[in-house]
Structure formats: C-alpha cells, structure tokens
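What follows is the content of input_23.tsv, which has TSV, N, CA and C atoms:
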```tsv
chain	number	residue	atom	x	y	z
A	1	LEU	N	-83.88	131.18	66.69
A	1	LEU	CA	-82.66	131.40	65.93
A	1	LEU	C	-82.53	130.36	64.83
A	2	LEU	N	-81.98	130.78	63.73
A	2	LEU	CA	-81.60	129.85	62.67
A	2	LEU	C	-80.12	130.06	62.42
A	3	GLU	N	-79.33	129.02	62.65
A	3	GLU	CA	-77.89	129.09	62.51
A	3	GLU	C	-77.40	127.92	61.67
A	4	MET	N	-76.19	128.06	61.15
A	4	MET	CA	-75.55	126.96	60.45
A	4	MET	C	-74.08	126.92	60.83
A	5	VAL	N	-73.47	125.76	60.70
A	5	VAL	CA	-72.05	125.61	60.99
A	5	VAL	C	-71.28	125.93	59.71
A	6	VAL	N	-70.27	126.79	59.84
A	6	VAL	CA	-69.40	127.13	58.72
A	6	VAL	C	-67.95	126.92	59.14
A	7	ILE	N	-67.11	126.66	58.14
A	7	ILE	CA	-65.68	126.51	58.38
A	7	ILE	C	-64.94	127.62	57.65
A	8	GLN	N	-63.80	128.02	58.17
A	8	GLN	CA	-62.94	128.96	57.46
A	8	GLN	C	-61.85	128.14	56.78
A	9	ARG	N	-61.81	128.21	55.46
A	9	ARG	CA	-60.86	127.42	54.68
A	9	ARG	C	-59.44	127.93	54.86
A	10	LYS	N	-58.48	126.99	54.96
A	10	LYS	CA	-57.07	127.37	55.09
A	10	LYS	C	-56.53	128.00	53.81
A	11	ASP	N	-57.01	127.53	52.64
A	11	ASP	CA	-56.43	128.00	51.38
A	11	ASP	C	-56.88	129.40	51.00
A	12	THR	N	-58.15	129.73	51.21
A	12	THR	CA	-58.67	131.04	50.78
A	12	THR	C	-59.02	131.96	51.96
A	13	HIS	N	-59.08	131.41	53.15
A	13	HIS	CA	-59.49	132.12	54.37
A	13	HIS	C	-60.95	132.55	54.32
A	14	GLU	N	-61.72	132.05	53.37
A	14	GLU	CA	-63.14	132.37	53.26
A	14	GLU	C	-63.95	131.39	54.10
A	15	TRP	N	-65.12	131.86	54.55
A	15	TRP	CA	-66.03	131.01	55.29
A	15	TRP	C	-66.88	130.23	54.30
A	16	ALA	N	-67.10	128.95	54.57
A	16	ALA	CA	-67.82	128.06	53.65
A	16	ALA	C	-68.54	126.97	54.43
A	17	LEU	N	-69.45	126.30	53.74
A	17	LEU	CA	-70.08	125.12	54.32
A	17	LEU	C	-69.06	123.99	54.38
A	18	PRO	N	-69.07	123.20	55.45
A	18	PRO	CA	-68.18	122.04	55.48
A	18	PRO	C	-68.56	121.09	54.34
A	19	GLY	N	-67.58	120.49	53.72
A	19	GLY	CA	-67.86	119.56	52.63
A	19	GLY	C	-66.60	119.15	51.92
A	20	GLY	N	-66.76	118.34	50.91
A	20	GLY	CA	-65.61	117.88	50.16
A	20	GLY	C	-66.02	117.02	48.99
A	21	MET	N	-65.06	116.39	48.39
A	21	MET	CA	-65.28	115.56	47.21
A	21	MET	C	-65.93	114.23	47.59
A	22	VAL	N	-66.89	113.82	46.77
A	22	VAL	CA	-67.55	112.53	46.95
A	22	VAL	C	-66.65	111.45	46.38
A	23	ASP	N	-66.36	110.44	47.19
A	23	ASP	CA	-65.55	109.31	46.71
A	23	ASP	C	-66.37	108.46	45.75
A	24	PRO	N	-65.71	107.79	44.79
A	24	PRO	CA	-66.45	106.93	43.84
A	24	PRO	C	-67.34	105.94	44.58
A	25	GLY	N	-68.62	105.90	44.18
A	25	GLY	CA	-69.58	104.98	44.77
A	25	GLY	C	-70.15	105.43	46.10
A	26	GLU	N	-69.72	106.57	46.61
A	26	GLU	CA	-70.16	107.05	47.92
A	26	GLU	C	-71.45	107.86	47.79
A	27	MET	N	-72.36	107.69	48.72
A	27	MET	CA	-73.57	108.50	48.78
A	27	MET	C	-73.20	109.89	49.29
A	28	VAL	N	-73.85	110.92	48.78
A	28	VAL	CA	-73.56	112.29	49.19
A	28	VAL	C	-73.74	112.45	50.70
A	29	SER	N	-74.76	111.83	51.28
A	29	SER	CA	-75.00	111.96	52.72
A	29	SER	C	-73.83	111.40	53.53
A	30	VAL	N	-73.19	110.35	53.04
A	30	VAL	CA	-72.02	109.76	53.72
A	30	VAL	C	-70.84	110.73	53.63
A	31	THR	N	-70.66	111.33	52.44
A	31	THR	CA	-69.59	112.33	52.26
A	31	THR	C	-69.79	113.49	53.21
A	32	LEU	N	-71.01	113.99	53.32
A	32	LEU	CA	-71.29	115.14	54.18
A	32	LEU	C	-70.96	114.83	55.63
A	33	LYS	N	-71.36	113.67	56.10
A	33	LYS	CA	-71.07	113.26	57.48
A	33	LYS	C	-69.57	113.15	57.70
A	34	ARG	N	-68.86	112.50	56.78
A	34	ARG	CA	-67.41	112.32	56.90
A	34	ARG	C	-66.69	113.66	56.89
A	35	GLU	N	-67.04	114.53	55.93
A	35	GLU	CA	-66.37	115.82	55.81
A	35	GLU	C	-66.69	116.74	56.98
A	36	PHE	N	-67.94	116.72	57.46
A	36	PHE	CA	-68.30	117.53	58.63
A	36	PHE	C	-67.46	117.10	59.82
A	37	GLY	N	-67.34	115.80	60.02
A	37	GLY	CA	-66.52	115.29	61.12
A	37	GLY	C	-65.06	115.68	60.99
A	38	GLU	N	-64.52	115.59	59.77
A	38	GLU	CA	-63.11	115.92	59.55
A	38	GLU	C	-62.82	117.41	59.69
A	39	GLU	N	-63.71	118.26	59.17
A	39	GLU	CA	-63.44	119.69	59.13
A	39	GLU	C	-63.96	120.46	60.34
A	40	ALA	N	-65.09	120.04	60.90
A	40	ALA	CA	-65.74	120.84	61.94
A	40	ALA	C	-65.71	120.21	63.33
A	41	MET	N	-65.33	118.93	63.41
A	41	MET	CA	-65.32	118.28	64.72
A	41	MET	C	-63.95	117.72	65.05
A	42	GLY	N	-62.96	118.19	64.38
A	42	GLY	CA	-61.55	118.12	64.64
A	42	GLY	C	-60.84	116.91	65.15
A	43	ASN	N	-59.74	117.21	65.79
A	43	ASN	CA	-58.78	116.22	66.27
A	43	ASN	C	-59.00	115.98	67.76
A	44	TYR	N	-59.63	114.88	68.07
A	44	TYR	CA	-59.92	114.57	69.46
A	44	TYR	C	-59.20	113.31	69.88
A	45	SER	N	-59.06	113.16	71.17
A	45	SER	CA	-58.42	111.96	71.71
A	45	SER	C	-59.33	110.75	71.48
A	46	SER	N	-58.76	109.57	71.60
A	46	SER	CA	-59.54	108.35	71.39
A	46	SER	C	-60.67	108.23	72.41
A	47	THR	N	-60.51	108.79	73.59
A	47	THR	CA	-61.58	108.72	74.59
A	47	THR	C	-62.75	109.63	74.21
A	48	GLU	N	-62.48	110.73	73.54
A	48	GLU	CA	-63.54	111.64	73.10
A	48	GLU	C	-64.17	111.19	71.79
A	49	ARG	N	-63.46	110.38	71.01
A	49	ARG	CA	-63.90	109.99	69.67
A	49	ARG	C	-65.26	109.30	69.68
A	50	ALA	N	-65.54	108.45	70.67
A	50	ALA	CA	-66.82	107.74	70.72
A	50	ALA	C	-67.97	108.73	70.89
A	51	ASP	N	-67.79	109.74	71.75
A	51	ASP	CA	-68.84	110.75	71.94
A	51	ASP	C	-69.04	111.57	70.68
A	52	ILE	N	-67.94	111.93	70.01
A	52	ILE	CA	-68.02	112.70	68.77
A	52	ILE	C	-68.76	111.89	67.71
A	53	GLN	N	-68.43	110.61	67.60
A	53	GLN	CA	-69.10	109.76	66.61
A	53	GLN	C	-70.59	109.63	66.92
A	54	ALA	N	-70.95	109.53	68.19
A	54	ALA	CA	-72.36	109.46	68.57
A	54	ALA	C	-73.09	110.74	68.19
A	55	GLN	N	-72.43	111.90	68.38
A	55	GLN	CA	-73.03	113.17	67.98
A	55	GLN	C	-73.22	113.24	66.47
A	56	LEU	N	-72.21	112.80	65.71
A	56	LEU	CA	-72.33	112.78	64.24
A	56	LEU	C	-73.45	111.85	63.80
A	57	ASP	N	-73.55	110.67	64.43
A	57	ASP	CA	-74.61	109.72	64.08
A	57	ASP	C	-75.98	110.33	64.33
A	58	GLN	N	-76.13	111.06	65.43
A	58	GLN	CA	-77.42	111.69	65.74
A	58	GLN	C	-77.71	112.82	64.75
A	59	LEU	N	-76.73	113.65	64.45
A	59	LEU	CA	-76.93	114.78	63.55
A	59	LEU	C	-77.29	114.33	62.14
A	60	PHE	N	-76.65	113.26	61.67
A	60	PHE	CA	-76.86	112.78	60.31
A	60	PHE	C	-77.73	111.53	60.26
A	61	ALA	N	-78.64	111.37	61.25
A	61	ALA	CA	-79.49	110.19	61.34
A	61	ALA	C	-80.45	110.08	60.15
A	62	ASN	N	-80.89	111.21	59.61
A	62	ASN	CA	-81.76	111.15	58.44
A	62	ASN	C	-80.96	111.59	57.21
A	63	GLU	N	-81.56	111.50	56.05
A	63	GLU	CA	-80.86	111.82	54.81
A	63	GLU	C	-80.80	113.32	54.54
A	64	GLY	N	-81.45	114.14	55.35
A	64	GLY	CA	-81.43	115.58	55.13
A	64	GLY	C	-82.30	115.96	53.95
A	65	GLU	N	-82.36	117.26	53.69
A	65	GLU	CA	-83.16	117.78	52.59
A	65	GLU	C	-82.25	118.58	51.65
A	66	GLU	N	-82.20	118.15	50.41
A	66	GLU	CA	-81.38	118.85	49.42
A	66	GLU	C	-81.97	120.23	49.15
A	67	ILE	N	-81.14	121.28	49.32
A	67	ILE	CA	-81.63	122.64	49.11
A	67	ILE	C	-80.98	123.32	47.90
A	68	TYR	N	-79.90	122.74	47.38
A	68	TYR	CA	-79.29	123.28	46.16
A	68	TYR	C	-78.44	122.19	45.51
A	69	ARG	N	-78.46	122.16	44.18
A	69	ARG	CA	-77.59	121.27	43.41
A	69	ARG	C	-77.25	121.99	42.11
A	70	GLY	N	-75.95	122.13	41.84
A	70	GLY	CA	-75.57	122.75	40.58
A	70	GLY	C	-74.21	123.41	40.62
A	71	TYR	N	-74.00	124.28	39.64
A	71	TYR	CA	-72.74	124.98	39.46
A	71	TYR	C	-72.41	125.84	40.67
A	72	VAL	N	-71.13	125.94	40.98
A	72	VAL	CA	-70.67	126.84	42.05
A	72	VAL	C	-69.44	127.58	41.53
A	73	ASP	N	-69.40	128.88	41.78
A	73	ASP	CA	-68.24	129.69	41.39
A	73	ASP	C	-67.07	129.28	42.26
A	74	ASP	N	-66.02	128.79	41.65
A	74	ASP	CA	-64.88	128.24	42.38
A	74	ASP	C	-63.61	128.64	41.64
A	75	PRO	N	-62.57	129.04	42.36
A	75	PRO	CA	-61.33	129.46	41.69
A	75	PRO	C	-60.67	128.34	40.87
A	76	ARG	N	-61.04	127.09	41.11
A	76	ARG	CA	-60.48	125.97	40.36
A	76	ARG	C	-61.19	125.73	39.03
A	77	ASN	N	-62.31	126.42	38.78
A	77	ASN	CA	-63.06	126.24	37.54
A	77	ASN	C	-62.23	126.71	36.34
A	78	THR	N	-62.40	126.01	35.23
A	78	THR	CA	-61.79	126.42	33.96
A	78	THR	C	-62.87	126.36	32.88
A	79	ASP	N	-62.51	126.67	31.63
A	79	ASP	CA	-63.47	126.56	30.53
A	79	ASP	C	-63.86	125.11	30.27
A	80	ASN	N	-63.00	124.17	30.66
A	80	ASN	CA	-63.22	122.76	30.36
A	80	ASN	C	-63.62	121.92	31.57
A	81	ALA	N	-63.51	122.47	32.77
A	81	ALA	CA	-63.85	121.72	33.98
A	81	ALA	C	-64.35	122.71	35.03
A	82	TRP	N	-65.37	122.31	35.77
A	82	TRP	CA	-65.94	123.20	36.77
A	82	TRP	C	-66.48	122.39	37.94
A	83	MET	N	-66.68	123.10	39.02
A	83	MET	CA	-67.17	122.47	40.25
A	83	MET	C	-68.70	122.55	40.28
A	84	GLU	N	-69.30	121.48	40.74
A	84	GLU	CA	-70.71	121.47	41.05
A	84	GLU	C	-70.84	121.05	42.50
A	85	THR	N	-71.92	121.45	43.14
A	85	THR	CA	-72.08	121.17	44.56
A	85	THR	C	-73.49	120.70	44.86
A	86	VAL	N	-73.63	120.08	46.00
A	86	VAL	CA	-74.94	119.72	46.55
A	86	VAL	C	-74.95	120.23	47.98
A	87	ALA	N	-75.92	121.07	48.30
A	87	ALA	CA	-76.09	121.57	49.67
A	87	ALA	C	-77.30	120.86	50.27
A	88	VAL	N	-77.10	120.27	51.45
A	88	VAL	CA	-78.15	119.51	52.11
A	88	VAL	C	-78.36	120.07	53.52
A	89	TRP	N	-79.62	120.26	53.88
A	89	TRP	CA	-79.96	120.76	55.21
A	89	TRP	C	-80.24	119.57	56.12
A	90	PHE	N	-79.54	119.56	57.26
A	90	PHE	CA	-79.78	118.60	58.33
A	90	PHE	C	-80.20	119.39	59.55
A	91	HIS	N	-81.37	119.09	60.10
A	91	HIS	CA	-81.84	119.80	61.29
A	91	HIS	C	-81.06	119.32	62.51
A	92	CYS	N	-80.56	120.27	63.28
A	92	CYS	CA	-79.84	119.96	64.51
A	92	CYS	C	-80.70	120.44	65.69
A	93	PRO	N	-81.26	119.52	66.47
A	93	PRO	CA	-82.05	119.93	67.63
A	93	PRO	C	-81.21	120.77	68.59
A	94	ASP	N	-81.86	121.70	69.29
A	94	ASP	CA	-81.15	122.60	70.20
A	94	ASP	C	-80.26	121.85	71.19
A	95	GLU	N	-80.78	120.77	71.78
A	95	GLU	CA	-80.00	120.05	72.80
A	95	GLU	C	-78.73	119.43	72.19
A	96	LEU	N	-78.79	118.98	70.94
A	96	LEU	CA	-77.59	118.45	70.29
A	96	LEU	C	-76.65	119.60	69.93
A	97	GLY	N	-77.19	120.69	69.41
A	97	GLY	CA	-76.36	121.84	69.04
A	97	GLY	C	-75.56	122.38	70.22
A	98	GLU	N	-76.17	122.35	71.41
A	98	GLU	CA	-75.47	122.83	72.61
A	98	GLU	C	-74.33	121.89	73.01
A	99	ARG	N	-74.44	120.60	72.63
A	99	ARG	CA	-73.41	119.62	73.00
A	99	ARG	C	-72.34	119.44	71.93
A	100	LEU	N	-72.60	119.88	70.70
A	100	LEU	CA	-71.62	119.69	69.63
A	100	LEU	C	-70.30	120.36	69.99
A	101	ILE	N	-69.23	119.62	69.86
A	101	ILE	CA	-67.91	120.14	70.16
A	101	ILE	C	-67.25	120.48	68.83
A	102	LEU	N	-67.28	121.76	68.46
A	102	LEU	CA	-66.72	122.18	67.19
A	102	LEU	C	-65.23	122.50	67.34
A	103	GLU	N	-64.42	121.93	66.46
A	103	GLU	CA	-62.99	122.20	66.43
A	103	GLU	C	-62.52	122.07	64.99
A	104	ALA	N	-61.90	123.13	64.46
A	104	ALA	CA	-61.42	123.11	63.08
A	104	ALA	C	-60.29	122.12	62.91
A	105	ALA	N	-60.30	121.41	61.79
A	105	ALA	CA	-59.23	120.46	61.46
A	105	ALA	C	-59.22	120.25	59.96
A	106	ASP	N	-58.35	119.38	59.50
A	106	ASP	CA	-58.22	119.04	58.09
A	106	ASP	C	-57.90	120.31	57.29
A	107	ASP	N	-58.73	120.70	56.33
A	107	ASP	CA	-58.42	121.91	55.56
A	107	ASP	C	-59.17	123.14	56.07
A	108	ALA	N	-59.62	123.08	57.32
A	108	ALA	CA	-60.29	124.22	57.95
A	108	ALA	C	-59.39	124.83	59.02
A	109	MET	N	-59.36	126.16	59.06
A	109	MET	CA	-58.58	126.84	60.10
A	109	MET	C	-59.48	127.46	61.17
A	110	GLY	N	-60.78	127.44	60.93
A	110	GLY	CA	-61.74	127.96	61.89
A	110	GLY	C	-63.08	127.29	61.68
A	111	VAL	N	-63.91	127.27	62.71
A	111	VAL	CA	-65.26	126.72	62.62
A	111	VAL	C	-66.13	127.47	63.62
A	112	ARG	N	-67.38	127.75	63.22
A	112	ARG	CA	-68.29	128.46	64.13
A	112	ARG	C	-69.73	128.30	63.66
A	113	TRP	N	-70.63	128.64	64.58
A	113	TRP	CA	-72.04	128.76	64.23
A	113	TRP	C	-72.23	130.14	63.62
A	114	MET	N	-72.90	130.23	62.46
A	114	MET	CA	-73.19	131.49	61.82
A	114	MET	C	-74.69	131.75	61.88
A	115	LEU	N	-75.05	132.91	62.40
A	115	LEU	CA	-76.45	133.29	62.50
A	115	LEU	C	-77.01	133.59	61.12
A	116	ILE	N	-78.14	132.99	60.80
A	116	ILE	CA	-78.82	133.25	59.53
A	116	ILE	C	-80.03	134.13	59.76
A	117	GLU	N	-80.80	133.83	60.81
A	117	GLU	CA	-82.04	134.56	61.03
A	117	GLU	C	-82.45	134.46	62.50
A	118	THR	N	-83.09	135.49	63.01
A	118	THR	CA	-83.67	135.46	64.34
A	118	THR	C	-85.17	135.66	64.19
A	119	LYS	N	-85.92	135.19	65.17
A	119	LYS	CA	-87.37	135.40	65.13
A	119	LYS	C	-87.66	136.86	65.36
A	120	ALA	N	-88.62	137.38	64.62
A	120	ALA	CA	-89.00	138.79	64.74
A	120	ALA	C	-89.89	139.02	65.94
```
Take the structure in this file and express it as structure tokens.
Amino acid sequence: LLEMVVIQRKDTHEWALPGGMVDPGEMVSVTLKREFGEEAMGNYSSTERADIQAQLDQLFANEGEEIYRGYVDDPRNTDNAWMETVAVWFHCPDELGERLILEAADDAMGVRWMLIETKA
C-alpha cells in the first residue's frame, strides 16, 4: 500500500496535505514537522505529549525528499500576490504508521490516511 496523511481544512472543507506558512528564518523541514504535529496529531494531554513528540521525531528524522516546488492554485491568490508551496515526501515505516495517533486540530477538522496506490 502507498498512503499519505491528509487533513480536512476547516475553512474550505477540502482535503489537503498538512502544512502551513514558513516562519522567517525557519527551514521548510521544521515547518512541516511543526504543522503536521499541530494539524494531524492534535490536542493531547501532557502525559501523551512525550509519546507524540517521539513519533514526530522519528517520522521527521531525515530531511525528506522534495517532490514539488512552485505555484499552487489557492483562493487567496490575486494578480499581485500568489501562493507557492513545497511538497516533501517523508517515508513512514509500517510499524510507526500503525502507532501514529492522528487527531485533527488547529485549522483541520478531519485527518486520515488516504490510499494512493495498492500493489497489483
């Protein structure tokens, strides 16, 4: 199986990759880890937070592989300003994927694994 984690946005109700704006001076990989944690791994108690952080550290242990960089069609785009995005692939081993505790939070109203491909 090939799957990816997607969030359902509160504002548009559309399914999208977890992500957000890069803070000044921040590496994209740091933004991706922070936003994934905020949007897809939700609001947990302080006792669960250490386990969630360990899962995030394992998932984002490498820098990932950039698979797209450029313009993205976004309702906020205008003639004078537009959104650009960077999509990065991080491999999630099966044993980690089975342990990931997904819970929508922040600007996400839903989160799930989305099937991309199955072996023929």
How would you write, as a count of residues only, the set of residues in region 16-116 of chain A that DSSP gives as helix (DSSP H, G or I)? 33
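Interatomic distance, CA of Glu65 (chain A) against atom C of Ala87 (chain A): 7.0 Å.
Of the listed residues A:Cys92, A:Asn80, A:Thr85, A:Ala50, the one whose atoms come nearest to Val22 (chain A) is A:Thr85, with distances taken using only C-alpha atoms.
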I'd like a table as a Markdown table: residues in region 17-81 of chain A with an atom no more than 6 Å from region 94-112 of chain A, each row giving the shortest atom pair and its distance in Å to one decimal, all atoms listed in the file counted, sorted by chain and rising residue number.
```
| residue | atom | partner | partner_atom | distance |
| --- | --- | --- | --- | --- |
| A:Glu38 | C | A:Ala105 | C | 4.6 |
| A:Glu39 | C | A:Ala105 | N | 4.0 |
| A:Ala40 | C | A:Glu103 | N | 3.8 |
| A:Met41 | CA | A:Glu103 | N | 4.1 |
| A:Gly42 | N | A:Glu103 | C | 4.0 |
| A:Asn43 | N | A:Ala105 | CA | 5.4 |
```
Could you please determine the separation between CA of Leu17 (chain A) and CA of Glu63 (chain A) in Å, to one decimal place? 17.1 Å
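Proximity to Tyr71 (chain A) at 7 Å, evaluated using only N, CA and C atoms and with sequence-adjacent residues fewer than 6 positions away removed, yields Trp82, Met83, Glu84 and Thr85 of chain A.
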Need to verify the contact set: Leu32 (chain A), 6.5 Å, all atoms listed in the file, exclusion of same-chain residues closer than 4 positions in sequence. Can you return it as an NGL selection string? :A and (19-20 or 27-28 or 36-37)
Within 8 Å of Thr118 (chain A) using all atoms listed in the file, minus same-chain residues under 2 positions, as an mmCIF file with N, CA and C atoms, in the frame of the given file:
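Heads up, here's the output in selection_16.cif:
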```
data_model
loop_
_atom_site.group_PDB
_atom_site.id
_atom_site.type_symbol
_atom_site.label_atom_id
_atom_site.label_comp_id
_atom_site.auth_asym_id
_atom_site.auth_seq_id
_atom_site.Cartn_x
_atom_site.Cartn_y
_atom_site.Cartn_z
ATOM 1 N N LEU A 1 -83.880 131.180 66.690
ATOM 2 C CA LEU A 1 -82.660 131.400 65.930
ATOM 3 C C LEU A 1 -82.530 130.360 64.830
ATOM 4 N N LEU A 2 -81.980 130.780 63.730
ATOM 5 C CA LEU A 2 -81.600 129.850 62.670
ATOM 6 C C LEU A 2 -80.120 130.060 62.420
ATOM 7 N N GLU A 3 -79.330 129.020 62.650
ATOM 8 C CA GLU A 3 -77.890 129.090 62.510
ATOM 9 C C GLU A 3 -77.400 127.920 61.670
ATOM 10 N N LEU A 115 -75.050 132.910 62.400
ATOM 11 C CA LEU A 115 -76.450 133.290 62.500
ATOM 12 C C LEU A 115 -77.010 133.590 61.120
ATOM 13 N N ILE A 116 -78.140 132.990 60.800
ATOM 14 C CA ILE A 116 -78.820 133.250 59.530
ATOM 15 C C ILE A 116 -80.030 134.130 59.760
ATOM 16 N N ALA A 120 -88.620 137.380 64.620
ATOM 17 C CA ALA A 120 -89.000 138.790 64.740
ATOM 18 C C ALA A 120 -89.890 139.020 65.940
#
```
Give me every strand (DSSP E) residue in chain A, going by DSSP on the backbone, as a ChimeraX atom specification. /A:2-9,15-16,65-71,84-89,108-117
Between atom C of Thr47 (chain A) and CA of Arg34 (chain A) - distance in Å to one decimal: 18.1 Å
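Residues surrounding Glu66 (chain A) within 8 Å are A:Glu63, A:Arg69, A:Val86, A:Ala87, A:Val88, A:Trp89, A:Phe90 [only N, CA and C atoms; sequence separation below 3 positions excluded].
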Which of these, A:Pro93, A:Met21, A:Glu35, A:Met4, has the shortest distance to Gln58 (chain A) once you count only C-alpha atoms? A:Pro93
Kindly add all heavy atoms to the incomplete region 109-118 of chain A and provide the output as a tab-separated table (two decimals), in the frame of the given file.
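Saved to selection06.tsv:
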```tsv
chain	number	residue	atom	x	y	z
A	109	MET	N	-59.36	126.16	59.06
A	109	MET	CA	-58.58	126.84	60.10
A	109	MET	C	-59.48	127.46	61.17
A	109	MET	O	-59.00	127.93	62.19
A	109	MET	CB	-57.68	127.92	59.48
A	109	MET	CG	-58.44	129.02	58.76
A	109	MET	SD	-57.37	130.20	57.92
A	109	MET	CE	-56.87	131.24	59.28
A	110	GLY	N	-60.78	127.44	60.93
A	110	GLY	CA	-61.74	127.96	61.89
A	110	GLY	C	-63.08	127.29	61.68
A	110	GLY	O	-63.37	126.76	60.60
A	111	VAL	N	-63.91	127.27	62.71
A	111	VAL	CA	-65.26	126.72	62.62
A	111	VAL	C	-66.13	127.47	63.62
A	111	VAL	O	-65.68	127.85	64.70
A	111	VAL	CB	-65.29	125.19	62.88
A	111	VAL	CG1	-64.79	124.86	64.27
A	111	VAL	CG2	-66.68	124.62	62.64
A	112	ARG	N	-67.38	127.75	63.22
A	112	ARG	CA	-68.29	128.46	64.13
A	112	ARG	C	-69.73	128.30	63.66
A	112	ARG	O	-70.00	127.90	62.54
A	112	ARG	CB	-67.93	129.94	64.20
A	112	ARG	CG	-68.16	130.72	62.92
A	112	ARG	CD	-67.72	132.18	63.09
A	112	ARG	NE	-67.80	132.93	61.87
A	112	ARG	CZ	-68.82	133.73	61.53
A	112	ARG	NH1	-69.85	133.86	62.33
A	112	ARG	NH2	-68.79	134.39	60.40
A	113	TRP	N	-70.63	128.64	64.58
A	113	TRP	CA	-72.04	128.76	64.23
A	113	TRP	C	-72.23	130.14	63.62
A	113	TRP	O	-71.77	131.13	64.17
A	113	TRP	CB	-72.91	128.63	65.48
A	113	TRP	CG	-73.02	127.23	66.00
A	113	TRP	CD1	-72.29	126.68	67.00
A	113	TRP	CD2	-73.90	126.22	65.54
A	113	TRP	NE1	-72.66	125.38	67.20
A	113	TRP	CE2	-73.66	125.07	66.32
A	113	TRP	CE3	-74.88	126.17	64.55
A	113	TRP	CZ2	-74.36	123.89	66.13
A	113	TRP	CZ3	-75.58	124.99	64.36
A	113	TRP	CH2	-75.32	123.86	65.14
A	114	MET	N	-72.90	130.23	62.46
A	114	MET	CA	-73.19	131.49	61.82
A	114	MET	C	-74.69	131.75	61.88
A	114	MET	O	-75.49	130.90	61.47
A	114	MET	CB	-72.74	131.47	60.35
A	114	MET	CG	-73.09	132.75	59.60
A	114	MET	SD	-72.62	132.68	57.85
A	114	MET	CE	-70.90	133.08	58.00
A	115	LEU	N	-75.05	132.91	62.40
A	115	LEU	CA	-76.45	133.29	62.50
A	115	LEU	C	-77.01	133.59	61.12
A	115	LEU	O	-76.42	134.36	60.36
A	115	LEU	CB	-76.59	134.52	63.41
A	115	LEU	CG	-78.00	135.04	63.63
A	115	LEU	CD1	-78.85	134.02	64.38
A	115	LEU	CD2	-77.97	136.35	64.39
A	116	ILE	N	-78.14	132.99	60.80
A	116	ILE	CA	-78.82	133.25	59.53
A	116	ILE	C	-80.03	134.13	59.76
A	116	ILE	O	-80.28	135.05	59.00
A	116	ILE	CB	-79.26	131.92	58.86
A	116	ILE	CG1	-78.04	131.05	58.58
A	116	ILE	CG2	-80.03	132.18	57.59
A	116	ILE	CD1	-78.38	129.68	58.09
A	117	GLU	N	-80.80	133.83	60.81
A	117	GLU	CA	-82.04	134.56	61.03
A	117	GLU	C	-82.45	134.46	62.50
A	117	GLU	O	-82.18	133.45	63.16
A	117	GLU	CB	-83.13	133.91	60.16
A	117	GLU	CG	-84.47	134.54	60.25
A	117	GLU	CD	-85.47	133.82	59.32
A	117	GLU	OE1	-85.29	133.90	58.10
A	117	GLU	OE2	-86.40	133.19	59.86
A	118	THR	N	-83.09	135.49	63.01
A	118	THR	CA	-83.67	135.46	64.34
A	118	THR	C	-85.17	135.66	64.19
A	118	THR	O	-85.64	136.22	63.20
A	118	THR	CB	-83.11	136.57	65.24
A	118	THR	OG1	-83.38	137.84	64.65
A	118	THR	CG2	-81.61	136.40	65.45
```
